[in-house]
file target.cif (mmCIF, N, CA and C atoms)
data_structure
loop_
_atom_site.label_atom_id
_atom_site.label_comp_id
_atom_site.auth_asym_id
_atom_site.auth_seq_id
_atom_site.Cartn_x
_atom_site.Cartn_y
_atom_site.Cartn_z
N MET A 1 0.84 -1.18 0.00
CA MET A 1 0.00 0.00 0.00
C MET A 1 0.89 1.24 0.00
N ARG A 2 0.47 2.21 -0.79
CA ARG A 2 1.21 3.47 -0.81
C ARG A 2 0.40 4.54 -0.07
N PHE A 3 1.13 5.36 0.65
CA PHE A 3 0.50 6.46 1.39
C PHE A 3 1.25 7.74 1.11
N MET A 4 0.50 8.81 0.88
CA MET A 4 1.11 10.13 0.75
C MET A 4 1.06 10.77 2.12
N VAL A 5 2.21 11.21 2.58
CA VAL A 5 2.30 11.93 3.84
C VAL A 5 2.40 13.40 3.47
N ILE A 6 1.41 14.16 3.88
CA ILE A 6 1.29 15.57 3.49
C ILE A 6 1.65 16.43 4.71
N VAL A 7 2.72 17.18 4.56
CA VAL A 7 3.16 18.08 5.64
C VAL A 7 2.46 19.41 5.42
N LYS A 8 1.63 19.80 6.38
CA LYS A 8 0.87 21.04 6.26
C LYS A 8 1.79 22.24 6.45
N ALA A 9 1.46 23.31 5.77
CA ALA A 9 2.22 24.55 5.87
C ALA A 9 1.97 25.21 7.23
N THR A 10 2.92 26.04 7.62
CA THR A 10 2.79 26.86 8.83
C THR A 10 3.06 28.31 8.43
N ALA A 11 2.81 29.22 9.35
CA ALA A 11 3.13 30.63 9.08
C ALA A 11 4.60 30.77 8.73
N GLU A 12 5.46 30.00 9.40
CA GLU A 12 6.90 30.06 9.16
C GLU A 12 7.26 29.53 7.77
N SER A 13 6.67 28.40 7.38
CA SER A 13 7.01 27.82 6.07
C SER A 13 6.47 28.67 4.92
N GLU A 14 5.49 29.51 5.19
CA GLU A 14 4.90 30.36 4.15
C GLU A 14 5.64 31.69 4.00
N LYS A 15 6.61 31.97 4.87
CA LYS A 15 7.37 33.22 4.74
C LYS A 15 8.25 33.18 3.51
N GLU A 16 8.25 34.27 2.76
CA GLU A 16 9.07 34.38 1.54
C GLU A 16 10.54 34.22 1.90
N GLY A 17 11.22 33.32 1.24
CA GLY A 17 12.65 33.12 1.45
C GLY A 17 13.01 32.35 2.70
N ALA A 18 12.01 31.90 3.46
CA ALA A 18 12.28 31.17 4.70
C ALA A 18 12.82 29.78 4.38
N LEU A 19 13.85 29.39 5.11
CA LEU A 19 14.39 28.04 5.01
C LEU A 19 14.29 27.39 6.38
N PRO A 20 14.14 26.06 6.41
CA PRO A 20 14.04 25.37 7.70
C PRO A 20 15.31 25.53 8.53
N ASP A 21 15.17 25.32 9.81
CA ASP A 21 16.30 25.33 10.73
C ASP A 21 17.32 24.27 10.29
N PRO A 22 18.61 24.63 10.24
CA PRO A 22 19.63 23.66 9.80
C PRO A 22 19.63 22.37 10.60
N GLN A 23 19.40 22.45 11.91
CA GLN A 23 19.36 21.23 12.73
C GLN A 23 18.18 20.36 12.35
N LEU A 24 17.03 20.99 12.08
CA LEU A 24 15.85 20.24 11.64
C LEU A 24 16.15 19.55 10.31
N MET A 25 16.82 20.25 9.41
CA MET A 25 17.18 19.65 8.12
C MET A 25 18.12 18.45 8.31
N ALA A 26 19.07 18.56 9.23
CA ALA A 26 19.98 17.44 9.50
C ALA A 26 19.21 16.26 10.09
N ASP A 27 18.32 16.55 11.04
CA ASP A 27 17.50 15.49 11.65
C ASP A 27 16.61 14.84 10.60
N MET A 28 16.03 15.65 9.73
CA MET A 28 15.15 15.12 8.69
C MET A 28 15.96 14.26 7.71
N GLY A 29 17.18 14.69 7.40
CA GLY A 29 18.05 13.89 6.52
C GLY A 29 18.31 12.52 7.10
N LYS A 30 18.58 12.45 8.42
CA LYS A 30 18.81 11.15 9.07
C LYS A 30 17.55 10.29 9.03
N PHE A 31 16.41 10.93 9.29
CA PHE A 31 15.15 10.20 9.27
C PHE A 31 14.87 9.67 7.86
N ASN A 32 15.11 10.49 6.85
CA ASN A 32 14.88 10.05 5.47
C ASN A 32 15.79 8.88 5.11
N GLU A 33 17.03 8.88 5.63
CA GLU A 33 17.92 7.74 5.41
C GLU A 33 17.34 6.47 6.02
N GLU A 34 16.71 6.60 7.19
CA GLU A 34 16.05 5.44 7.81
C GLU A 34 14.95 4.90 6.90
N LEU A 35 14.16 5.82 6.34
CA LEU A 35 13.07 5.40 5.45
C LEU A 35 13.62 4.69 4.22
N ILE A 36 14.73 5.21 3.68
CA ILE A 36 15.36 4.60 2.51
C ILE A 36 15.90 3.22 2.85
N LYS A 37 16.60 3.12 3.98
CA LYS A 37 17.15 1.83 4.39
C LYS A 37 16.06 0.80 4.66
N ALA A 38 14.91 1.26 5.14
CA ALA A 38 13.78 0.36 5.38
C ALA A 38 13.10 -0.04 4.07
N GLY A 39 13.46 0.64 2.97
CA GLY A 39 12.90 0.30 1.67
C GLY A 39 11.47 0.77 1.46
N ILE A 40 11.05 1.80 2.18
CA ILE A 40 9.65 2.22 2.07
C ILE A 40 9.46 3.62 1.46
N LEU A 41 10.53 4.37 1.27
CA LEU A 41 10.42 5.72 0.74
C LEU A 41 10.43 5.69 -0.79
N LEU A 42 9.36 6.20 -1.41
CA LEU A 42 9.27 6.22 -2.86
C LEU A 42 9.53 7.61 -3.43
N ALA A 43 9.18 8.65 -2.69
CA ALA A 43 9.37 10.03 -3.17
C ALA A 43 9.27 10.97 -1.98
N LEU A 44 9.92 12.13 -2.10
CA LEU A 44 9.76 13.17 -1.09
C LEU A 44 10.26 14.49 -1.64
N ASP A 45 9.64 15.56 -1.19
CA ASP A 45 10.07 16.91 -1.56
C ASP A 45 9.37 17.93 -0.68
N GLY A 46 10.01 19.08 -0.56
CA GLY A 46 9.42 20.23 0.10
C GLY A 46 8.97 21.21 -0.97
N LEU A 47 8.05 22.08 -0.60
CA LEU A 47 7.48 23.01 -1.56
C LEU A 47 7.79 24.46 -1.16
N HIS A 48 7.97 25.30 -2.17
CA HIS A 48 8.13 26.73 -1.94
C HIS A 48 6.82 27.27 -1.37
N PRO A 49 6.86 28.45 -0.75
CA PRO A 49 5.62 29.03 -0.22
C PRO A 49 4.60 29.30 -1.32
N SER A 50 3.35 29.43 -0.92
CA SER A 50 2.27 29.64 -1.89
C SER A 50 2.41 30.96 -2.64
N SER A 51 3.21 31.89 -2.12
CA SER A 51 3.43 33.16 -2.82
C SER A 51 4.10 32.94 -4.17
N LYS A 52 4.74 31.80 -4.34
CA LYS A 52 5.39 31.47 -5.61
C LYS A 52 4.54 30.54 -6.46
N GLY A 53 3.30 30.33 -6.06
CA GLY A 53 2.44 29.40 -6.77
C GLY A 53 1.21 30.06 -7.35
N ALA A 54 0.32 29.23 -7.86
CA ALA A 54 -0.93 29.68 -8.43
C ALA A 54 -1.97 28.58 -8.26
N ARG A 55 -3.22 28.97 -8.34
CA ARG A 55 -4.33 28.02 -8.36
C ARG A 55 -5.09 28.20 -9.66
N VAL A 56 -5.52 27.11 -10.22
CA VAL A 56 -6.34 27.16 -11.42
C VAL A 56 -7.72 26.66 -11.03
N LYS A 57 -8.72 27.52 -11.17
CA LYS A 57 -10.09 27.17 -10.82
C LYS A 57 -10.88 26.92 -12.09
N PHE A 58 -11.61 25.81 -12.13
CA PHE A 58 -12.39 25.44 -13.29
C PHE A 58 -13.87 25.61 -13.00
N SER A 59 -14.59 26.10 -13.99
CA SER A 59 -16.04 26.20 -13.92
C SER A 59 -16.56 25.88 -15.31
N GLY A 60 -17.10 24.69 -15.46
CA GLY A 60 -17.52 24.25 -16.79
C GLY A 60 -16.32 24.17 -17.71
N LYS A 61 -16.37 24.90 -18.82
CA LYS A 61 -15.26 24.88 -19.78
C LYS A 61 -14.30 26.04 -19.59
N SER A 62 -14.56 26.91 -18.64
CA SER A 62 -13.66 28.05 -18.42
C SER A 62 -12.79 27.80 -17.19
N CYS A 63 -11.68 28.53 -17.14
CA CYS A 63 -10.82 28.43 -15.96
C CYS A 63 -10.26 29.81 -15.63
N THR A 64 -9.95 29.97 -14.35
CA THR A 64 -9.40 31.21 -13.84
C THR A 64 -8.13 30.89 -13.09
N VAL A 65 -7.09 31.68 -13.30
CA VAL A 65 -5.83 31.50 -12.59
C VAL A 65 -5.74 32.55 -11.50
N VAL A 66 -5.45 32.10 -10.29
CA VAL A 66 -5.29 32.99 -9.14
C VAL A 66 -3.87 32.82 -8.63
N ASP A 67 -3.12 33.90 -8.62
CA ASP A 67 -1.75 33.86 -8.12
C ASP A 67 -1.73 33.84 -6.60
N GLY A 68 -0.71 33.15 -6.03
CA GLY A 68 -0.52 33.14 -4.59
C GLY A 68 0.01 34.48 -4.15
N PRO A 69 0.13 34.73 -2.88
CA PRO A 69 -0.03 33.77 -1.78
C PRO A 69 -1.49 33.54 -1.42
N PHE A 70 -1.72 32.45 -0.72
CA PHE A 70 -3.05 32.09 -0.27
C PHE A 70 -3.12 32.25 1.24
N THR A 71 -4.22 32.75 1.73
CA THR A 71 -4.30 33.17 3.13
C THR A 71 -4.51 32.04 4.12
N GLU A 72 -5.19 31.00 3.75
CA GLU A 72 -5.50 29.92 4.70
C GLU A 72 -4.32 28.96 4.84
N THR A 73 -3.35 29.32 5.66
CA THR A 73 -2.15 28.51 5.82
C THR A 73 -2.48 27.07 6.19
N LYS A 74 -3.47 26.86 7.04
CA LYS A 74 -3.79 25.51 7.49
C LYS A 74 -4.27 24.61 6.35
N GLU A 75 -4.64 25.19 5.22
CA GLU A 75 -5.09 24.42 4.06
C GLU A 75 -3.98 24.17 3.05
N LEU A 76 -2.78 24.67 3.31
CA LEU A 76 -1.69 24.57 2.36
C LEU A 76 -0.76 23.42 2.68
N VAL A 77 0.00 23.00 1.68
CA VAL A 77 0.96 21.91 1.81
C VAL A 77 2.37 22.48 1.72
N ALA A 78 3.23 22.09 2.67
CA ALA A 78 4.62 22.56 2.67
C ALA A 78 5.57 21.50 2.11
N GLY A 79 5.15 20.25 2.12
CA GLY A 79 5.99 19.17 1.62
C GLY A 79 5.22 17.86 1.64
N PHE A 80 5.87 16.83 1.10
CA PHE A 80 5.20 15.52 1.04
C PHE A 80 6.24 14.42 0.90
N CYS A 81 5.81 13.22 1.22
CA CYS A 81 6.57 12.03 0.85
C CYS A 81 5.57 10.94 0.54
N ILE A 82 6.03 9.94 -0.18
CA ILE A 82 5.19 8.78 -0.47
C ILE A 82 5.90 7.56 0.09
N LEU A 83 5.18 6.85 0.95
CA LEU A 83 5.71 5.66 1.60
C LEU A 83 4.98 4.43 1.08
N GLN A 84 5.70 3.35 0.93
CA GLN A 84 5.08 2.08 0.58
C GLN A 84 5.23 1.17 1.80
N VAL A 85 4.11 0.98 2.50
CA VAL A 85 4.09 0.19 3.74
C VAL A 85 2.91 -0.78 3.68
N LYS A 86 2.78 -1.59 4.73
CA LYS A 86 1.75 -2.62 4.75
C LYS A 86 0.38 -2.12 5.19
N SER A 87 0.35 -0.97 5.92
CA SER A 87 -0.92 -0.52 6.47
C SER A 87 -0.86 0.95 6.86
N LEU A 88 -2.02 1.53 7.08
CA LEU A 88 -2.10 2.89 7.59
C LEU A 88 -1.41 2.99 8.95
N GLU A 89 -1.58 1.96 9.76
CA GLU A 89 -0.96 1.95 11.09
C GLU A 89 0.57 2.03 10.99
N GLU A 90 1.15 1.31 10.04
CA GLU A 90 2.60 1.37 9.86
C GLU A 90 3.03 2.76 9.40
N ALA A 91 2.26 3.36 8.50
CA ALA A 91 2.57 4.72 8.05
C ALA A 91 2.52 5.69 9.23
N ILE A 92 1.52 5.54 10.08
CA ILE A 92 1.39 6.41 11.26
C ILE A 92 2.60 6.24 12.17
N GLU A 93 3.02 5.01 12.40
CA GLU A 93 4.17 4.77 13.28
C GLU A 93 5.43 5.45 12.74
N TRP A 94 5.65 5.38 11.44
CA TRP A 94 6.81 6.06 10.86
C TRP A 94 6.69 7.58 11.02
N VAL A 95 5.51 8.11 10.73
CA VAL A 95 5.32 9.57 10.82
C VAL A 95 5.52 10.05 12.25
N LYS A 96 5.08 9.28 13.22
CA LYS A 96 5.24 9.68 14.62
C LYS A 96 6.71 9.82 15.00
N ARG A 97 7.59 9.12 14.29
CA ARG A 97 9.02 9.18 14.57
C ARG A 97 9.71 10.35 13.86
N SER A 98 9.03 11.01 12.95
CA SER A 98 9.67 12.04 12.13
C SER A 98 9.95 13.30 12.94
N PRO A 99 11.06 13.97 12.64
CA PRO A 99 11.37 15.23 13.32
C PRO A 99 10.43 16.34 12.86
N HIS A 100 10.15 17.27 13.75
CA HIS A 100 9.32 18.41 13.41
C HIS A 100 9.69 19.59 14.29
N ALA A 101 9.28 20.76 13.88
CA ALA A 101 9.59 21.97 14.64
C ALA A 101 8.29 22.64 15.09
N GLY A 102 8.20 22.95 16.37
CA GLY A 102 7.03 23.67 16.87
C GLY A 102 5.74 22.94 16.60
N ASP A 103 4.68 23.71 16.44
CA ASP A 103 3.37 23.14 16.14
C ASP A 103 3.31 22.81 14.66
N SER A 104 2.96 21.59 14.35
CA SER A 104 2.85 21.19 12.95
C SER A 104 1.80 20.10 12.83
N GLU A 105 1.38 19.88 11.60
CA GLU A 105 0.37 18.86 11.33
C GLU A 105 0.74 18.11 10.07
N VAL A 106 0.52 16.80 10.09
CA VAL A 106 0.80 15.94 8.95
C VAL A 106 -0.47 15.13 8.66
N GLU A 107 -0.80 15.04 7.40
CA GLU A 107 -1.96 14.25 6.97
C GLU A 107 -1.44 13.03 6.22
N ILE A 108 -2.06 11.88 6.42
CA ILE A 108 -1.65 10.64 5.75
C ILE A 108 -2.84 10.14 4.95
N ARG A 109 -2.63 9.96 3.63
CA ARG A 109 -3.71 9.53 2.75
C ARG A 109 -3.23 8.37 1.88
N GLN A 110 -4.06 7.34 1.78
CA GLN A 110 -3.72 6.20 0.93
C GLN A 110 -3.84 6.59 -0.54
N VAL A 111 -2.89 6.12 -1.34
CA VAL A 111 -2.88 6.36 -2.78
C VAL A 111 -3.67 5.24 -3.45
N PHE A 112 -4.53 5.60 -4.40
CA PHE A 112 -5.27 4.59 -5.15
C PHE A 112 -4.31 3.73 -5.97
N GLU A 113 -4.58 2.44 -6.03
CA GLU A 113 -3.90 1.53 -6.93
C GLU A 113 -4.85 1.30 -8.11
N MET A 114 -4.31 1.09 -9.28
CA MET A 114 -5.14 0.96 -10.48
C MET A 114 -6.18 -0.15 -10.33
N GLU A 115 -5.84 -1.23 -9.66
CA GLU A 115 -6.76 -2.35 -9.51
C GLU A 115 -8.04 -1.95 -8.78
N GLU A 116 -7.97 -0.90 -7.99
CA GLU A 116 -9.15 -0.46 -7.25
C GLU A 116 -10.22 0.14 -8.17
N PHE A 117 -9.83 0.46 -9.40
CA PHE A 117 -10.77 1.02 -10.36
C PHE A 117 -11.47 -0.05 -11.19
N ALA A 118 -11.27 -1.32 -10.85
CA ALA A 118 -11.86 -2.43 -11.59
C ALA A 118 -13.39 -2.31 -11.75
N PRO A 119 -14.09 -1.79 -10.77
CA PRO A 119 -15.55 -1.67 -10.96
C PRO A 119 -15.96 -0.70 -12.08
N ILE A 120 -15.08 0.22 -12.47
CA ILE A 120 -15.47 1.20 -13.48
C ILE A 120 -14.59 1.18 -14.73
N LEU A 121 -13.47 0.45 -14.69
CA LEU A 121 -12.58 0.36 -15.86
C LEU A 121 -12.42 -1.11 -16.26
N SER A 122 -12.24 -1.32 -17.55
CA SER A 122 -11.97 -2.68 -18.01
C SER A 122 -10.53 -3.06 -17.66
N GLU A 123 -10.24 -4.36 -17.69
CA GLU A 123 -8.87 -4.82 -17.42
C GLU A 123 -7.91 -4.22 -18.44
N GLU A 124 -8.35 -4.07 -19.68
CA GLU A 124 -7.51 -3.47 -20.72
C GLU A 124 -7.19 -2.01 -20.38
N GLN A 125 -8.17 -1.27 -19.91
CA GLN A 125 -7.94 0.13 -19.52
C GLN A 125 -6.98 0.22 -18.33
N ILE A 126 -7.14 -0.66 -17.38
CA ILE A 126 -6.26 -0.67 -16.20
C ILE A 126 -4.83 -0.96 -16.64
N GLN A 127 -4.64 -2.00 -17.46
CA GLN A 127 -3.29 -2.35 -17.90
C GLN A 127 -2.66 -1.24 -18.73
N HIS A 128 -3.46 -0.56 -19.53
CA HIS A 128 -2.96 0.57 -20.31
C HIS A 128 -2.43 1.66 -19.37
N LYS A 129 -3.18 1.97 -18.34
CA LYS A 129 -2.75 3.00 -17.38
C LYS A 129 -1.51 2.55 -16.60
N VAL A 130 -1.42 1.27 -16.27
CA VAL A 130 -0.23 0.74 -15.59
C VAL A 130 0.99 0.88 -16.50
N ARG A 131 0.83 0.57 -17.79
CA ARG A 131 1.94 0.72 -18.74
C ARG A 131 2.37 2.18 -18.87
N LEU A 132 1.41 3.09 -18.95
CA LEU A 132 1.73 4.52 -19.03
C LEU A 132 2.49 4.97 -17.79
N ARG A 133 2.05 4.54 -16.62
CA ARG A 133 2.72 4.91 -15.37
C ARG A 133 4.15 4.42 -15.35
N ALA A 134 4.37 3.23 -15.90
CA ALA A 134 5.72 2.65 -15.93
C ALA A 134 6.66 3.47 -16.81
N GLU A 135 6.12 4.25 -17.73
CA GLU A 135 6.93 5.09 -18.62
C GLU A 135 7.32 6.41 -17.98
N LEU A 136 6.76 6.74 -16.82
CA LEU A 136 7.10 7.99 -16.16
C LEU A 136 8.58 8.00 -15.77
N PRO A 137 9.24 9.15 -15.86
CA PRO A 137 10.64 9.22 -15.44
C PRO A 137 10.78 8.92 -13.95
N ASN A 138 11.89 8.29 -13.58
CA ASN A 138 12.19 7.98 -12.18
C ASN A 138 11.10 7.13 -11.53
N GLN A 139 10.46 6.29 -12.29
CA GLN A 139 9.40 5.46 -11.76
C GLN A 139 10.00 4.34 -10.92
N THR A 140 9.59 4.27 -9.64
CA THR A 140 10.14 3.25 -8.75
C THR A 140 9.06 2.37 -8.15
N ILE A 141 7.81 2.60 -8.48
CA ILE A 141 6.72 1.85 -7.87
C ILE A 141 6.71 0.44 -8.42
N GLU A 142 6.73 -0.52 -7.50
CA GLU A 142 6.72 -1.93 -7.88
C GLU A 142 5.47 -2.57 -7.32
N LYS A 143 4.99 -3.54 -8.03
CA LYS A 143 3.80 -4.28 -7.56
C LYS A 143 4.23 -5.57 -6.91
#
call {"tool": "encode", "arguments": {"input": "target.cif", "output": "structure tokens"}}
result
Amino acid sequence: MRFMVIVKATAESEKEGALPDPQLMADMGKFNEELIKAGILLALDGLHPSSKGARVKFSGKSCTVVDGPFTETKELVAGFCILQVKSLEEAIEWVKRSPHAGDSEVEIRQVFEMEEFAPILSEEQIQHKVRLRAELPNQTIEK
């Protein structure tokens, strides 16, 4: 099972030009090495503040682009990783061990596997999507 671990933004992470505390970065590096050695880390990255981003809103066939920053910090994402573990409980146990600074929040969400779409897609459609996914650069997901 794959899970996306979503690190919520804070007022500090949303500051223009703000970088994490060097000690936190060192601690996070050690923790990430643990995840790699355990063979469960598939991807991870941090995100620039929303002031450097945009939102695209769709309404029917039209769309509107809204430039950041966005005011609701608690609704923003500061970073993410994708873990491949046996259960939500295992993902939670790993996240509980992760370093953090001050008040922070992390959300854990299971990633859909193509087979879960069997009720609405044919086997041919599922296999086509699996083949396309395998062509993505840096693809490390194994079944």
call {"tool": "resolve_selection", "arguments": {"input": "target.cif", "expression": "the PyMOL selection byres ((chain A and resi 90-99) around 8)", "output": "tab-separated table (two decimals) with N, CA and C atoms, keeping the file's coordinate frame"}}
result
chain	number	residue	atom	x	y	z
A	3	PHE	N	1.13	5.36	0.65
A	3	PHE	CA	0.50	6.46	1.39
A	3	PHE	C	1.25	7.74	1.11
A	5	VAL	N	2.21	11.21	2.58
A	5	VAL	CA	2.30	11.93	3.84
A	5	VAL	C	2.40	13.40	3.47
A	24	LEU	N	17.03	20.99	12.08
A	24	LEU	CA	15.85	20.24	11.64
A	24	LEU	C	16.15	19.55	10.31
A	27	ASP	N	18.32	16.55	11.04
A	27	ASP	CA	17.50	15.49	11.65
A	27	ASP	C	16.61	14.84	10.60
A	28	MET	N	16.03	15.65	9.73
A	28	MET	CA	15.15	15.12	8.69
A	28	MET	C	15.96	14.26	7.71
A	31	PHE	N	16.41	10.93	9.29
A	31	PHE	CA	15.15	10.20	9.27
A	31	PHE	C	14.87	9.67	7.86
A	32	ASN	N	15.11	10.49	6.85
A	32	ASN	CA	14.88	10.05	5.47
A	32	ASN	C	15.79	8.88	5.11
A	83	LEU	N	5.18	6.85	0.95
A	83	LEU	CA	5.71	5.66	1.60
A	83	LEU	C	4.98	4.43	1.08
A	84	GLN	N	5.70	3.35	0.93
A	84	GLN	CA	5.08	2.08	0.58
A	84	GLN	C	5.23	1.17	1.80
A	85	VAL	N	4.11	0.98	2.50
A	85	VAL	CA	4.09	0.19	3.74
A	85	VAL	C	2.91	-0.78	3.68
A	86	LYS	N	2.78	-1.59	4.73
A	86	LYS	CA	1.75	-2.62	4.75
A	86	LYS	C	0.38	-2.12	5.19
A	87	SER	N	0.35	-0.97	5.92
A	87	SER	CA	-0.92	-0.52	6.47
A	87	SER	C	-0.86	0.95	6.86
A	88	LEU	N	-2.02	1.53	7.08
A	88	LEU	CA	-2.10	2.89	7.59
A	88	LEU	C	-1.41	2.99	8.95
A	89	GLU	N	-1.58	1.96	9.76
A	89	GLU	CA	-0.96	1.95	11.09
A	89	GLU	C	0.57	2.03	10.99
A	100	HIS	N	10.15	17.27	13.75
A	100	HIS	CA	9.32	18.41	13.41
A	100	HIS	C	9.69	19.59	14.29
A	101	ALA	N	9.28	20.76	13.88
A	101	ALA	CA	9.59	21.97	14.64
A	101	ALA	C	8.29	22.64	15.09
A	102	GLY	N	8.20	22.95	16.37
A	102	GLY	CA	7.03	23.67	16.87
A	102	GLY	C	5.74	22.94	16.60
A	108	ILE	N	-2.06	11.88	6.42
A	108	ILE	CA	-1.65	10.64	5.75
A	108	ILE	C	-2.84	10.14	4.95
call {"tool": "resolve_selection", "arguments": {"input": "target.cif", "expression": "the PyMOL selection byres (((chain A and resi 113 and name CA) around 12) and name CA)", "output": "number ranges by chain"}}
result
A: 1-3, 84, 110-112, 114-118, 126-127, 129-130, 133, 141-143
call {"tool": "atom_distance", "arguments": {"input": "target.cif", "atom1": "atom CA of Leu76 of chain A", "atom2": "atom C of Lys8 of chain A"}}
result
5.9 Å
call {"tool": "residues_around", "arguments": {"input": "target.cif", "residues": "Ser104 of chain A", "least_positions_apart": "6", "cutoff": "8 Å", "atoms": "all atoms listed in the file", "output": "ChimeraX atom specification"}}
result
/A:7-10
call {"tool": "closest_residue", "arguments": {"input": "target.cif", "among": "A:Val77, A:Leu35, A:Leu121, A:Val66", "to": "His48 of chain A", "atoms": "all atoms listed in the file"}}
result
A:Val77
call {"tool": "select_by_dssp", "arguments": {"input": "target.cif", "residues": "segment 29-134 of chain A", "states": "strand (DSSP E)", "output": "PyMOL selection string"}}
result
chain A and resi 41-46+54-59+62-67+77-84+106-110
call {"tool": "atom_distance", "arguments": {"input": "target.cif", "atom1": "atom CA of Ala54 of chain A", "atom2": "atom N of Ile6 of chain A"}}
result
19.9 Å
call {"tool": "atom_distance", "arguments": {"input": "target.cif", "atom1": "atom CA of Ala18 of chain A", "atom2": "atom CA of Gly68 of chain A"}}
result
15.9 Å
call {"tool": "select_by_dssp", "arguments": {"input": "target.cif", "residues": "chain A", "states": "alpha helix (DSSP H)", "output": "ChimeraX atom specification"}}
result
/A:22-37,88-97,123-134
call {"tool": "resolve_selection", "arguments": {"input": "target.cif", "expression": "the PyMOL selection byres ((chain A and resi 44) around 6.5)", "output": "list in words"}}
result
Leu42, Ala43, Asp45, Gly46, Phe80, Cys81 and Ile82 of chain A
call {"tool": "write_last_selection", "arguments": {"input": "target.cif", "atoms": "N, CA and C atoms", "output": "mmCIF file, keeping the file's coordinate frame"}}
result
data_model
loop_
_atom_site.group_PDB
_atom_site.id
_atom_site.type_symbol
_atom_site.label_atom_id
_atom_site.label_comp_id
_atom_site.auth_asym_id
_atom_site.auth_seq_id
_atom_site.Cartn_x
_atom_site.Cartn_y
_atom_site.Cartn_z
ATOM 1 N N LEU A 42 9.360 6.200 -1.410
ATOM 2 C CA LEU A 42 9.270 6.220 -2.860
ATOM 3 C C LEU A 42 9.530 7.610 -3.430
ATOM 4 N N ALA A 43 9.180 8.650 -2.690
ATOM 5 C CA ALA A 43 9.370 10.030 -3.170
ATOM 6 C C ALA A 43 9.270 10.970 -1.980
ATOM 7 N N ASP A 45 9.640 15.560 -1.190
ATOM 8 C CA ASP A 45 10.070 16.910 -1.560
ATOM 9 C C ASP A 45 9.370 17.930 -0.680
ATOM 10 N N GLY A 46 10.010 19.080 -0.560
ATOM 11 C CA GLY A 46 9.420 20.230 0.100
ATOM 12 C C GLY A 46 8.970 21.210 -0.970
ATOM 13 N N PHE A 80 5.870 16.830 1.100
ATOM 14 C CA PHE A 80 5.200 15.520 1.040
ATOM 15 C C PHE A 80 6.240 14.420 0.900
ATOM 16 N N CYS A 81 5.810 13.220 1.220
ATOM 17 C CA CYS A 81 6.570 12.030 0.850
ATOM 18 C C CYS A 81 5.570 10.940 0.540
ATOM 19 N N ILE A 82 6.030 9.940 -0.180
ATOM 20 C CA ILE A 82 5.190 8.780 -0.470
ATOM 21 C C ILE A 82 5.900 7.560 0.090
#
